[in-house]
Amino acid sequence: MRIVEKLRVLHVDVGGCEGCSVSIMRAYPRLMERIDLDISYLRNGDPKHDRYDVALITGGVCMNEPRIAEELREVREKAGVIVAFGSCSALGGILRFCRGGQTPRPDHRNFQPINSVIYVDYSIPGCPPTPQMLQSFFRYFMEGKETRLRLFRVTAGVKKLSGFDLIDDVVLTGLCVGCGACELSCPTCAIKLVDKRPTLIPERCIRCGTCYVRCPRASQILLGGVKK
Amino acid sequence: MGEVTLNRVHRIAGEAKLILYEEDGTVRDAMFMATAPVRGFERMVVGKNPLFAVEAVMRICGLCHASHGIAAVEAVEHAIGVFPPRNGLLMREALGLINRAQSHALQFLMIAGDLIQEGKRNEVFLKLMEFHSKVSDYLLKLGGAATHPPNLTVGGMLRVPKQSVFNNLKGEFPNLVKSWEGLKEILLDEDVQTGVTEELRGVKREMPYLASSLFYGDRYNIRTEEVETMPYYEFRREKSAVESTTLVAFYKGKKVETGPRARMKTYRGFRDSSLYGIHLARVQDTELSILRLGEILDGIDMNESFRVKNIAFGPGRGVGVYEAPRGTLVHYLELGEEGRVLNSRIVVPTMFNIPAMEEMAKGLSVKAAETVIRLYDPCIPCATHVVKLG
Amino acid sequence: MTLPGENLLGQIRGVYLSRATDGDILRRKVASGGAVTAMLLYALEKNLVDGVVAAKRTRGLAGEPVVARTREELLETAGNSWNIVPFEEMIKARIEEEGLKRVAVVCLPCQAQLFGQMREFPLLEADLSCRVRYVVSLFCRGIFVFGAFINHLQIRYGIRGEEITNVRLGEGHLIIQRGREELVIPLREVFPYLQTGCLICSDYTGVWSDVSAGSVEREPGWTLLITRNRRGEKLVRGAEREGYLELRDGFHVLEDVLRGAKNKLERARENMKRLL
């Protein structure tokens with residue numbers, strides 16, 4: 001019998017809320033047989049290896065703190081595949097609203113998704129994405145079923161998605177068929193279906209982009225490469 | 001005097017640096033500095049609708065999300081003079097307690113690397129994650145998500161689960177308790193603990209405590225106007241302190257400890273004054289939150305309302321005080337014309353605890369000092385997103 | 001399995017022409033072989049699922065989502081879907097309320113995509129998606145903006161929505177049935193009443209489903225089933241084994257389905273150019 005080596009996976013948080021890290025921890029018991037996860041919650045000291053197959057990155061990049069971009073570039077060198085896990089890392093998410101001015105570091109004012117700094121292979125939005133999501137991701141990834149992961153592949157090329165984009169691209173253009181996927185996927189209940197069309201409650205939208213990825217029409221726009 | 005620097009303290013929530021000044025293996029002084037970037041949530045919410053503020057501040061932290069949500073809605077309600085109905089408050093309390101259990105479970109996981117022998121750690125990890133997923137399911141069903149629960153909102157609950165959901169959760173409850181009991185046994189099992197616990201048991205040390213309630217939080221039990229904050233680099237004049245991206249807080253001009261031990265000492269006559277007592281208090285804190293959760297599930301009356309009607313935002317000032325997993329959390333909020341946020345200030349428990357844990361580390365071995373830091377469960381995402389009070 | 005546009009029909013494991021063996025089902029069915037109903041009846045009676053979520057026609061063409069837990073309830077949902085029922089949020093409430101652990105969902109391709117993706121990659125809806133056992137998708141050329149279509153029928157032909165007993169699709173035309181009367185309308189005439197979103201949709205069969213089902217002109221009285229994975233294959237085969245379904249090979253009519261899919265894709269491409 002062939003002994004299959006476990007996938008080496010590194011987790012790096014560049015400044016998020018830890019919600020995505022917890023999601024990764026929750027996914028780990030069921031992944032343990034197939035992946036070897038290096039995460040600061042479980043280790044003593046520095047990362048264990050020099051090379052990793054996959055790096056999961058959580059949190060958005062503070063552009064005013066050059067060491068973070070530097071750290072990301074180092075991770076890019078070390079890892080074969082980079083996965084932006086969670087909305088902040090993938091699309092900016094709530095950090096899109098940051099504008100600095102806060103003590104003790106008023107200069108920390110601009111946060112970007114990690115694809116503003118390095119090339120990203122897959123982006124998985126969600127605030128936070130569920131543990132099951134990560135388990136599925138690794139299953140398809142390890143089986144090499146790339147077509148199933150294409151949506152996340154194309155999302156990696158996009159820098160901003162939100163309820164506002166969904167309304168602009170799908171609802172206001174009349175493409176919405178009223179299936180209700182967006183309402184169900186919104187983590188803040190910011191979308192309500194009125195007369196079978198989504199209505200955005202703007203003050204609740206945190207720009208996580210989950211609805212956009214979930215919408216059958218919007219995901220088609222993404223896959224068609226129309227959205228940049 | 002020697003210096004031990006940990007550039008990245010592992011097994012804590014977030015990014016921080018620890019410097020220990022030691023002499024012959026005994027720590028004389030410690031500096032704990034959060035280094036995560038400041039995302040600036042208090043500035044972010046200015047000019048926005050309070051509903052956005054609630055969603056946003058929940059995202060300060062992925063560990064104590066519901067706690068921030070509760071403190072924020074309390075502050076908004078205080079500012080506009082709204083009182084949620086009994087069901088709304090009970091549900092909110094339940095969400096907070098579930099969040100407390102979730103957060104403590106992760107702390108137990110991180111501290112296991114210090115307190116529990118290596119051979120046993122994997123078992124503890126799996127048991128903890130099993131418990132975590134069981135308790136998270138309660139938040140998913142009641143709060144709408146296992147992290148950042150969206151049902152938590154101004155005036156009560158945004159959506160209410162169906163009666164059958166409550167019944168299912170009640171039916172599951174004995175399993176949750178059982179899962180916790182198995183976990184508790186192993187967390188307190190002296191036979192599988194490391195040598196460092198011995199040292200921690202031997203050191204008795206206390207500080208003034210800050211706690212506002214056993215389960216929920218009460219703005220009238222503490223004097224919120226006597227909370228002061230300052231940047232870490234003003235608190236510690238050492239050169240390296242400038243790296244810190246956090247503030248520290250004091251109550252009535254003093255360093256105070258807040259969190260599980262403070263709650264147990266203030267409201268439960270908890271006797272253990274050793275540093276290990278912090279761990280014991282957290283175990284008790286978790287147990288009590290689960291028991292109280294069971295009580296709340298039985299106490300909800302489905303025929304009563306869950307949210308107050310006619311909520312109108314207008315100018316006003318409010319304070320929300322909530323007992324977060326790590327201690328007393330205070331949200332100060334001012335709403336301006338049209339009820340938009342004019343000013344927001346947040347003081348989190350870790351800001352009180354940073355000076356406390358630096359104090360506690362003194363006189364310990366390097367290993368024990370590092371463990372003490374983890375015993376206080378510093379939460380970096382929270383601590384780096386706060387403005388100076390002044 | 002592939003996504004729309006890459007491979008028109010998605011992953012295919014088996015293609016069958018099938019028909020319900022149950023007389024009750026066949027009597028209620030008009031257009032096809034009642035295979036979907038029979039297959040789900042099998043799943044329900046053999047305890048593979050606790051409930052079936054489907055659209056039930058309430059009045060005329062209007063529909064609402066229901067959870068069928070018994071044979072009778074399921075039979076009432078039999079028939080084609082002409083109106084999208086935005087049932088996601090409602091399904092969630094229903095499933096939670098009734099404490100269902102495993103459900104089968106009968107839906108349109110766009111909804112199958114949602115349920116399929118949700119099941120494979122739950123972003124937030126993990127709680128709901130782990131309960132979706134089977135996704136059965138019906139072939140779809142697009143659905144109407146309900147109110148507008150009914151309004152058209154009323155103004156032009158004097159047919160009120162609630163009088164319509166059935167709608168069938170023929171080659172290039174739509175057959176509206178009112179009691180014993182049949183009205184044949186060219187498809188061209190009803191196109192403007194399709195949902196705009198459907199005009200750019202390229203998924204004819206529902207590539208994210210476990211089983212896709214629809215009818216083909218050449219084999220009246222039979223339902224064409226496409227199974228896409230082991231789960232779907234087992235469902236169809238099981239239903240046959242237990243005598244709920246009559247099956248025969250259907251590969252010879254696959255080209256008809258492919259033609260339908262190609263038409264939809266072409267339409268989608270053209271419209272995408274115009275609309276996006």
# chains A, B, ... in the order shown; residues from 1 in each chain; ligands from 1
>>> residues_around(residues="range 185-194 of chain A", least_positions_apart="6", cutoff="6 Å", atoms="only C-alpha atoms", output="list in words")
Leu200, Ile201, Arg204, Cys205 and Cys211 of chain A; Pro150 of chain B; Leu124 of chain C
>>> residues_around(residues="Leu108 in chain C", least_positions_apart="6", cutoff="8 Å", atoms="only C-alpha atoms", output="ChimeraX atom specification")
/C:84,137-140,206
>>> residues_around(residues="Glu370 in chain B", least_positions_apart="3", cutoff="10 Å", atoms="only C-alpha atoms", output="list in words")
Leu6, Val9, Leu18, Ile19, Leu20, Ala30, Asp114, Met357, Ala361, Leu364, Ser365, Val366, Lys367, Ile373, Arg374 and Leu375 of chain B
>>> residues_around(residues="range 75-90 of chain B", least_positions_apart="2", cutoff="7 Å", atoms="only C-alpha atoms", output="list in words")
Ala71, Ala72, Val73, Arg92, Glu93, Ala94, Val154, Gly155, Gly156, Met157, Ile296, Ile300, Asp301, Glu304, Ser305, Phe306, Arg307, Val308, Phe313, Gly314, Gly316, Arg317, Gly318, Val319, Gly320, His331, Tyr332 and Leu333 of chain B
>>> residues_around(residues="Gly23 in chain C", least_positions_apart="6", cutoff="12 Å", atoms="only C-alpha atoms", output="JSON, numbers by chain")
{"C": [29, 33, 34, 35, 37, 38, 75, 244, 245]}
>>> closest_atom_pairs(of="range 119-186 of chain A", to="range 82-98 of chain A", cutoff="7 Å", atoms="only C-alpha atoms", output="Markdown table")
| residue | atom | partner | partner_atom | distance |
| --- | --- | --- | --- | --- |
| A:Val120 | CA | A:Ile82 | CA | 5.3 |
| A:Asp121 | CA | A:Ile82 | CA | 5.3 |
| A:Tyr122 | CA | A:Val83 | CA | 4.8 |
| A:Ser123 | CA | A:Ala84 | CA | 4.6 |
| A:Ile124 | CA | A:Phe85 | CA | 5.1 |
| A:Pro125 | CA | A:Ser87 | CA | 4.3 |
| A:Gly126 | CA | A:Gly86 | CA | 5.0 |
| A:Cys127 | CA | A:Ser87 | CA | 5.9 |
| A:Pro128 | CA | A:Gly86 | CA | 5.5 |
| A:Pro129 | CA | A:Gly86 | CA | 5.9 |
| A:Ala156 | CA | A:Ala90 | CA | 6.9 |
| A:Lys159 | CA | A:Leu91 | CA | 5.1 |
| A:Lys160 | CA | A:Leu91 | CA | 4.9 |
| A:Leu161 | CA | A:Leu91 | CA | 6.4 |
>>> residues_around(residues="Gln117 in chain B", least_positions_apart="6", cutoff="10 Å", atoms="only C-alpha atoms", output="number ranges by chain")
B: 191-195
>>> closest_atom_pairs(of="chain A", to="chain B", cutoff="6 Å", atoms="only C-alpha atoms", output="tab-separated table")
residue	atom	partner	partner_atom	distance
A:Gly15	CA	B:Ala36	CA	5.8
A:Cys17	CA	B:Cys61	CA	4.3
A:Glu18	CA	B:Gly62	CA	4.8
A:Gly19	CA	B:Gly62	CA	3.5
A:Ser40	CA	B:His10	CA	5.2
A:Tyr41	CA	B:Arg11	CA	4.3
A:Cys98	CA	B:Met44	CA	5.4
A:Gly100	CA	B:Gly40	CA	5.9
A:Gln102	CA	B:Gly40	CA	5.5
A:Thr103	CA	B:Val387	CA	5.2
A:Pro104	CA	B:Pro231	CA	6.0
A:His108	CA	B:Val38	CA	5.9
A:Thr188	CA	B:Pro150	CA	5.0
A:Glu203	CA	B:Phe52	CA	4.9
A:Arg204	CA	B:Phe52	CA	5.3
>>> residues_around(residues="Tyr28 in chain A", least_positions_apart="4", cutoff="10 Å", atoms="only C-alpha atoms", output="number ranges by chain")
A: 22-24, 32-37, 131-132, 134-135; B: 126, 129
>>> write_last_selection(atoms="all heavy atoms", output="CSV table (one decimal), in the first residue's frame")
chain,number,residue,atom,x,y,z
A,22,VAL,N,-11.3,30.4,14.1
A,22,VAL,CA,-12.1,29.5,14.8
A,22,VAL,C,-12.8,28.5,13.9
A,22,VAL,O,-12.9,27.3,14.2
A,22,VAL,CB,-13.1,30.3,15.7
A,22,VAL,CG1,-14.1,29.3,16.4
A,22,VAL,CG2,-12.4,31.1,16.8
A,23,SER,N,-13.3,29.0,12.8
A,23,SER,CA,-13.9,28.2,11.8
A,23,SER,C,-12.9,27.1,11.3
A,23,SER,O,-13.3,25.9,11.2
A,23,SER,CB,-14.3,29.0,10.6
A,23,SER,OG,-15.6,28.6,10.1
A,24,ILE,N,-11.7,27.5,11.1
A,24,ILE,CA,-10.7,26.5,10.7
A,24,ILE,C,-10.4,25.5,11.8
A,24,ILE,O,-10.3,24.3,11.5
A,24,ILE,CB,-9.3,27.3,10.3
A,24,ILE,CG1,-9.6,28.2,9.1
A,24,ILE,CG2,-8.2,26.3,10.0
A,24,ILE,CD1,-8.4,29.1,8.8
A,32,MET,N,-8.1,16.1,10.0
A,32,MET,CA,-6.8,15.6,10.6
A,32,MET,C,-6.2,14.4,9.9
A,32,MET,O,-4.9,14.3,9.8
A,32,MET,CB,-7.0,15.2,12.0
A,32,MET,CG,-7.0,16.3,13.0
A,32,MET,SD,-7.4,15.6,14.6
A,32,MET,CE,-6.1,16.4,15.6
A,33,GLU,N,-7.0,13.5,9.3
A,33,GLU,CA,-6.4,12.4,8.7
A,33,GLU,C,-5.8,12.7,7.4
A,33,GLU,O,-4.9,12.0,6.9
A,33,GLU,CB,-7.5,11.4,8.4
A,33,GLU,CG,-7.9,10.6,9.6
A,33,GLU,CD,-8.9,9.5,9.4
A,33,GLU,OE1,-9.2,9.3,8.2
A,33,GLU,OE2,-9.5,9.0,10.3
A,34,ARG,N,-6.2,13.8,6.8
A,34,ARG,CA,-5.7,14.1,5.4
A,34,ARG,C,-4.7,15.3,5.4
A,34,ARG,O,-3.9,15.5,4.5
A,34,ARG,CB,-6.8,14.4,4.5
A,34,ARG,CG,-7.5,13.1,4.0
A,34,ARG,CD,-8.8,13.4,3.3
A,34,ARG,NE,-9.8,13.9,4.3
A,34,ARG,CZ,-10.8,14.7,3.9
A,34,ARG,NH1,-10.9,15.0,2.7
A,34,ARG,NH2,-11.7,15.1,4.8
A,35,ILE,N,-4.9,16.3,6.4
A,35,ILE,CA,-4.0,17.4,6.4
A,35,ILE,C,-3.3,17.6,7.7
A,35,ILE,O,-3.8,17.2,8.7
A,35,ILE,CB,-4.7,18.7,6.0
A,35,ILE,CG1,-5.6,19.2,7.1
A,35,ILE,CG2,-5.5,18.6,4.7
A,35,ILE,CD1,-6.1,20.7,6.9
A,36,ASP,N,-2.2,18.2,7.6
A,36,ASP,CA,-1.4,18.5,8.8
A,36,ASP,C,-1.4,20.1,8.9
A,36,ASP,O,-0.8,20.8,8.1
A,36,ASP,CB,0.1,18.0,8.5
A,36,ASP,CG,1.0,18.3,9.7
A,36,ASP,OD1,0.4,18.6,10.8
A,36,ASP,OD2,2.2,18.3,9.5
A,37,LEU,N,-2.2,20.5,9.9
A,37,LEU,CA,-2.5,22.0,10.0
A,37,LEU,C,-1.5,22.6,11.0
A,37,LEU,O,-1.4,22.2,12.1
A,37,LEU,CB,-3.9,22.2,10.4
A,37,LEU,CG,-4.3,23.6,10.7
A,37,LEU,CD1,-4.3,24.4,9.4
A,37,LEU,CD2,-5.7,23.7,11.3
A,131,PRO,N,-17.2,25.7,8.9
A,131,PRO,CA,-16.2,24.6,8.9
A,131,PRO,C,-16.4,23.6,7.8
A,131,PRO,O,-15.5,23.2,7.2
A,131,PRO,CB,-16.4,24.0,10.3
A,131,PRO,CG,-17.1,25.0,11.1
A,131,PRO,CD,-17.8,25.9,10.2
A,132,GLN,N,-17.7,23.3,7.5
A,132,GLN,CA,-18.0,22.4,6.4
A,132,GLN,C,-17.5,22.9,5.1
A,132,GLN,O,-17.1,22.1,4.3
A,132,GLN,CB,-19.5,22.2,6.3
A,132,GLN,CG,-20.2,21.5,7.5
A,132,GLN,CD,-20.6,22.5,8.6
A,132,GLN,OE1,-20.0,23.5,8.7
A,132,GLN,NE2,-21.6,22.1,9.4
A,134,LEU,N,-14.7,24.5,4.5
A,134,LEU,CA,-13.3,24.2,4.4
A,134,LEU,C,-13.1,22.7,4.2
A,134,LEU,O,-12.2,22.3,3.4
A,134,LEU,CB,-12.6,24.6,5.7
A,134,LEU,CG,-11.1,24.7,5.6
A,134,LEU,CD1,-10.6,25.7,4.6
A,134,LEU,CD2,-10.4,24.9,6.9
A,135,GLN,N,-13.9,21.9,4.9
A,135,GLN,CA,-13.8,20.5,4.7
A,135,GLN,C,-14.1,20.1,3.2
A,135,GLN,O,-13.3,19.3,2.6
A,135,GLN,CB,-14.8,19.7,5.6
A,135,GLN,CG,-14.3,19.8,7.1
A,135,GLN,CD,-15.4,19.5,8.1
A,135,GLN,OE1,-16.6,19.4,7.7
A,135,GLN,NE2,-15.1,19.5,9.4
B,126,LEU,N,-9.8,17.1,20.8
B,126,LEU,CA,-11.0,16.6,20.2
B,126,LEU,C,-12.2,16.8,21.0
B,126,LEU,O,-13.3,17.1,20.5
B,126,LEU,CB,-10.8,15.1,19.8
B,126,LEU,CG,-9.7,14.9,18.7
B,126,LEU,CD1,-9.5,13.4,18.5
B,126,LEU,CD2,-10.2,15.5,17.4
B,129,MET,N,-13.3,20.4,20.9
B,129,MET,CA,-13.9,20.8,19.6
B,129,MET,C,-15.3,20.2,19.5
B,129,MET,O,-16.2,20.8,19.0
B,129,MET,CB,-13.1,20.4,18.4
B,129,MET,CG,-11.8,21.2,18.3
B,129,MET,SD,-11.8,22.9,18.8
B,129,MET,CE,-12.6,23.7,17.5
>>> interface_residues(of="chain B", to="chain C", cutoff="8 Å", atoms="only C-alpha atoms", output="PyMOL selection string")
chain B and resi 140+145+162-165+168
>>> select_by_dssp(residues="range 98-243 of chain B", states="alpha helix (DSSP H)", output="ChimeraX atom specification")
/B:98-115,118-143,163-188,195-202,232-235
>>> closest_residue(among="C:Leu40, C:Ala55, C:Cys110, C:Leu183", to="chain A", atoms="only C-alpha atoms")
C:Cys110
>>> atom_distance(atom1="CA of Arg67 in chain A", atom2="CA of Ser21 in chain A")
20.9 Å
>>> atom_distance(atom1="CA of Leu169 in chain C", atom2="CA of Ala213 in chain C")
14.7 Å
>>> select_by_dssp(residues="range 58-180 of chain C", states="strand (DSSP E or B)", output="number ranges by chain")
C: 58-59, 62-68, 103-107, 132-138, 144, 166-170, 173-178
>>> write_last_selection(atoms="N, CA, C and O atoms", output="short mmCIF file (atom, residue, chain, number, x, y, z; two decimals), in the first residue's frame")
data_model
loop_
_atom_site.label_atom_id
_atom_site.label_comp_id
_atom_site.auth_asym_id
_atom_site.auth_seq_id
_atom_site.Cartn_x
_atom_site.Cartn_y
_atom_site.Cartn_z
N THR C 58 -51.34 25.88 -6.35
CA THR C 58 -52.50 26.15 -5.51
C THR C 58 -53.71 26.52 -6.34
O THR C 58 -54.75 25.90 -6.30
N ARG C 59 -53.56 27.56 -7.15
CA ARG C 59 -54.69 28.06 -7.92
C ARG C 59 -54.14 28.38 -9.30
O ARG C 59 -53.20 29.15 -9.42
N ALA C 62 -50.40 29.54 -9.96
CA ALA C 62 -49.69 29.98 -8.77
C ALA C 62 -49.28 28.78 -7.93
O ALA C 62 -49.96 27.77 -7.91
N GLY C 63 -48.15 28.93 -7.26
CA GLY C 63 -47.68 27.81 -6.47
C GLY C 63 -47.14 28.24 -5.13
O GLY C 63 -46.88 29.42 -4.90
N GLU C 64 -47.01 27.28 -4.24
CA GLU C 64 -46.36 27.59 -2.96
C GLU C 64 -45.54 26.37 -2.54
O GLU C 64 -45.86 25.25 -2.92
N PRO C 65 -44.47 26.62 -1.80
CA PRO C 65 -43.65 25.48 -1.41
C PRO C 65 -44.32 24.68 -0.30
O PRO C 65 -44.89 25.26 0.61
N VAL C 66 -44.26 23.39 -0.43
CA VAL C 66 -44.81 22.56 0.64
C VAL C 66 -43.80 21.46 0.98
O VAL C 66 -42.94 21.11 0.18
N VAL C 67 -43.93 20.97 2.20
CA VAL C 67 -43.15 19.80 2.58
C VAL C 67 -44.12 18.63 2.60
O VAL C 67 -45.06 18.62 3.37
N ALA C 68 -43.89 17.69 1.70
CA ALA C 68 -44.77 16.52 1.66
C ALA C 68 -44.15 15.41 2.51
O ALA C 68 -42.98 15.07 2.33
N VAL C 103 -34.14 15.76 3.64
CA VAL C 103 -35.21 16.08 2.70
C VAL C 103 -34.72 15.91 1.26
O VAL C 103 -33.53 15.96 0.97
N ALA C 104 -35.68 15.71 0.37
CA ALA C 104 -35.41 15.77 -1.06
C ALA C 104 -36.03 17.06 -1.55
O ALA C 104 -37.10 17.45 -1.09
N VAL C 105 -35.35 17.75 -2.46
CA VAL C 105 -35.88 19.01 -2.98
C VAL C 105 -36.10 18.86 -4.47
O VAL C 105 -35.22 18.40 -5.20
N VAL C 106 -37.30 19.22 -4.91
CA VAL C 106 -37.58 19.24 -6.35
C VAL C 106 -37.59 20.69 -6.78
O VAL C 106 -38.32 21.50 -6.20
N CYS C 107 -36.76 21.04 -7.75
CA CYS C 107 -36.64 22.46 -8.05
C CYS C 107 -36.19 22.68 -9.49
O CYS C 107 -36.03 21.75 -10.26
N VAL C 132 -30.22 18.56 3.21
CA VAL C 132 -30.67 18.31 1.85
C VAL C 132 -30.02 17.03 1.35
O VAL C 132 -28.83 16.97 1.10
N ARG C 133 -30.84 16.00 1.21
CA ARG C 133 -30.30 14.69 0.83
C ARG C 133 -30.27 14.57 -0.70
O ARG C 133 -29.26 14.21 -1.26
N TYR C 134 -31.40 14.83 -1.34
CA TYR C 134 -31.47 14.72 -2.79
C TYR C 134 -31.90 16.04 -3.42
O TYR C 134 -32.80 16.70 -2.92
N VAL C 135 -31.26 16.39 -4.51
CA VAL C 135 -31.70 17.54 -5.29
C VAL C 135 -32.15 17.02 -6.64
O VAL C 135 -31.37 16.42 -7.39
N VAL C 136 -33.42 17.20 -6.94
CA VAL C 136 -33.96 16.77 -8.23
C VAL C 136 -34.33 18.02 -9.01
O VAL C 136 -35.10 18.85 -8.54
N SER C 137 -33.76 18.15 -10.19
CA SER C 137 -34.01 19.36 -10.97
C SER C 137 -34.86 19.04 -12.18
O SER C 137 -34.70 17.99 -12.81
N LEU C 138 -35.76 19.95 -12.50
CA LEU C 138 -36.60 19.77 -13.69
C LEU C 138 -36.01 20.57 -14.84
O LEU C 138 -35.49 21.67 -14.62
N PHE C 144 -41.89 32.26 -16.29
CA PHE C 144 -42.55 33.53 -16.57
C PHE C 144 -42.52 34.47 -15.38
O PHE C 144 -42.48 34.03 -14.24
N ASN C 166 -53.64 23.22 -16.86
CA ASN C 166 -52.30 22.72 -17.14
C ASN C 166 -51.64 23.53 -18.25
O ASN C 166 -52.31 24.19 -19.04
N VAL C 167 -50.34 23.47 -18.27
CA VAL C 167 -49.58 24.12 -19.34
C VAL C 167 -48.57 23.10 -19.82
O VAL C 167 -47.91 22.44 -19.03
N ARG C 168 -48.48 22.95 -21.15
CA ARG C 168 -47.49 22.02 -21.69
C ARG C 168 -46.67 22.73 -22.74
O ARG C 168 -47.10 23.73 -23.33
N LEU C 169 -45.51 22.15 -22.99
CA LEU C 169 -44.64 22.76 -23.98
C LEU C 169 -44.61 21.87 -25.21
O LEU C 169 -44.40 20.66 -25.11
N GLY C 170 -44.87 22.46 -26.37
CA GLY C 170 -44.73 21.70 -27.60
C GLY C 170 -43.55 22.24 -28.38
O GLY C 170 -42.85 23.12 -27.90
N HIS C 173 -44.29 25.92 -29.47
CA HIS C 173 -45.51 26.55 -28.94
C HIS C 173 -45.83 26.07 -27.54
O HIS C 173 -45.27 25.09 -27.05
N LEU C 174 -46.73 26.79 -26.94
CA LEU C 174 -47.13 26.50 -25.57
C LEU C 174 -48.61 26.12 -25.60
O LEU C 174 -49.41 26.76 -26.29
N ILE C 175 -48.96 25.06 -24.90
CA ILE C 175 -50.36 24.64 -24.91
C ILE C 175 -50.96 24.92 -23.53
O ILE C 175 -50.50 24.40 -22.52
N ILE C 176 -51.94 25.78 -23.52
CA ILE C 176 -52.59 26.14 -22.26
C ILE C 176 -53.91 25.41 -22.20
O ILE C 176 -54.71 25.47 -23.14
N GLN C 177 -54.13 24.74 -21.12
CA GLN C 177 -55.34 23.97 -21.00
C GLN C 177 -56.28 24.62 -20.00
O GLN C 177 -55.88 24.95 -18.88
N ARG C 178 -57.56 24.80 -20.46
CA ARG C 178 -58.56 25.29 -19.53
C ARG C 178 -59.69 24.28 -19.58
O ARG C 178 -60.44 24.23 -20.56
#
>>> closest_residue(among="C:Glu266, C:Glu240, C:Asp256, C:Glu181", to="Glu219 in chain C", atoms="only C-alpha atoms")
C:Asp256
>>> closest_atom_pairs(of="chain A", to="chain C", cutoff="6 Å", atoms="only C-alpha atoms", output="Markdown table")
| residue | atom | partner | partner_atom | distance |
| --- | --- | --- | --- | --- |
| A:Gly126 | CA | C:Leu123 | CA | 5.6 |
| A:Pro129 | CA | C:Leu123 | CA | 4.8 |
| A:Thr130 | CA | C:Leu123 | CA | 5.5 |
| A:Met133 | CA | C:Phe121 | CA | 4.7 |
| A:Thr147 | CA | C:Thr2 | CA | 5.7 |
| A:Gly174 | CA | C:Thr196 | CA | 5.9 |
| A:Leu175 | CA | C:Gly197 | CA | 3.6 |
| A:Cys176 | CA | C:Gly197 | CA | 5.2 |
| A:Val177 | CA | C:Gly197 | CA | 5.5 |
| A:Gly178 | CA | C:Pro86 | CA | 5.9 |
| A:Cys179 | CA | C:Pro86 | CA | 4.5 |
| A:Gly180 | CA | C:Pro86 | CA | 5.4 |
| A:Leu184 | CA | C:Glu89 | CA | 5.8 |
| A:Ser185 | CA | C:Leu124 | CA | 5.9 |
| A:Pro216 | CA | C:Cys110 | CA | 5.8 |
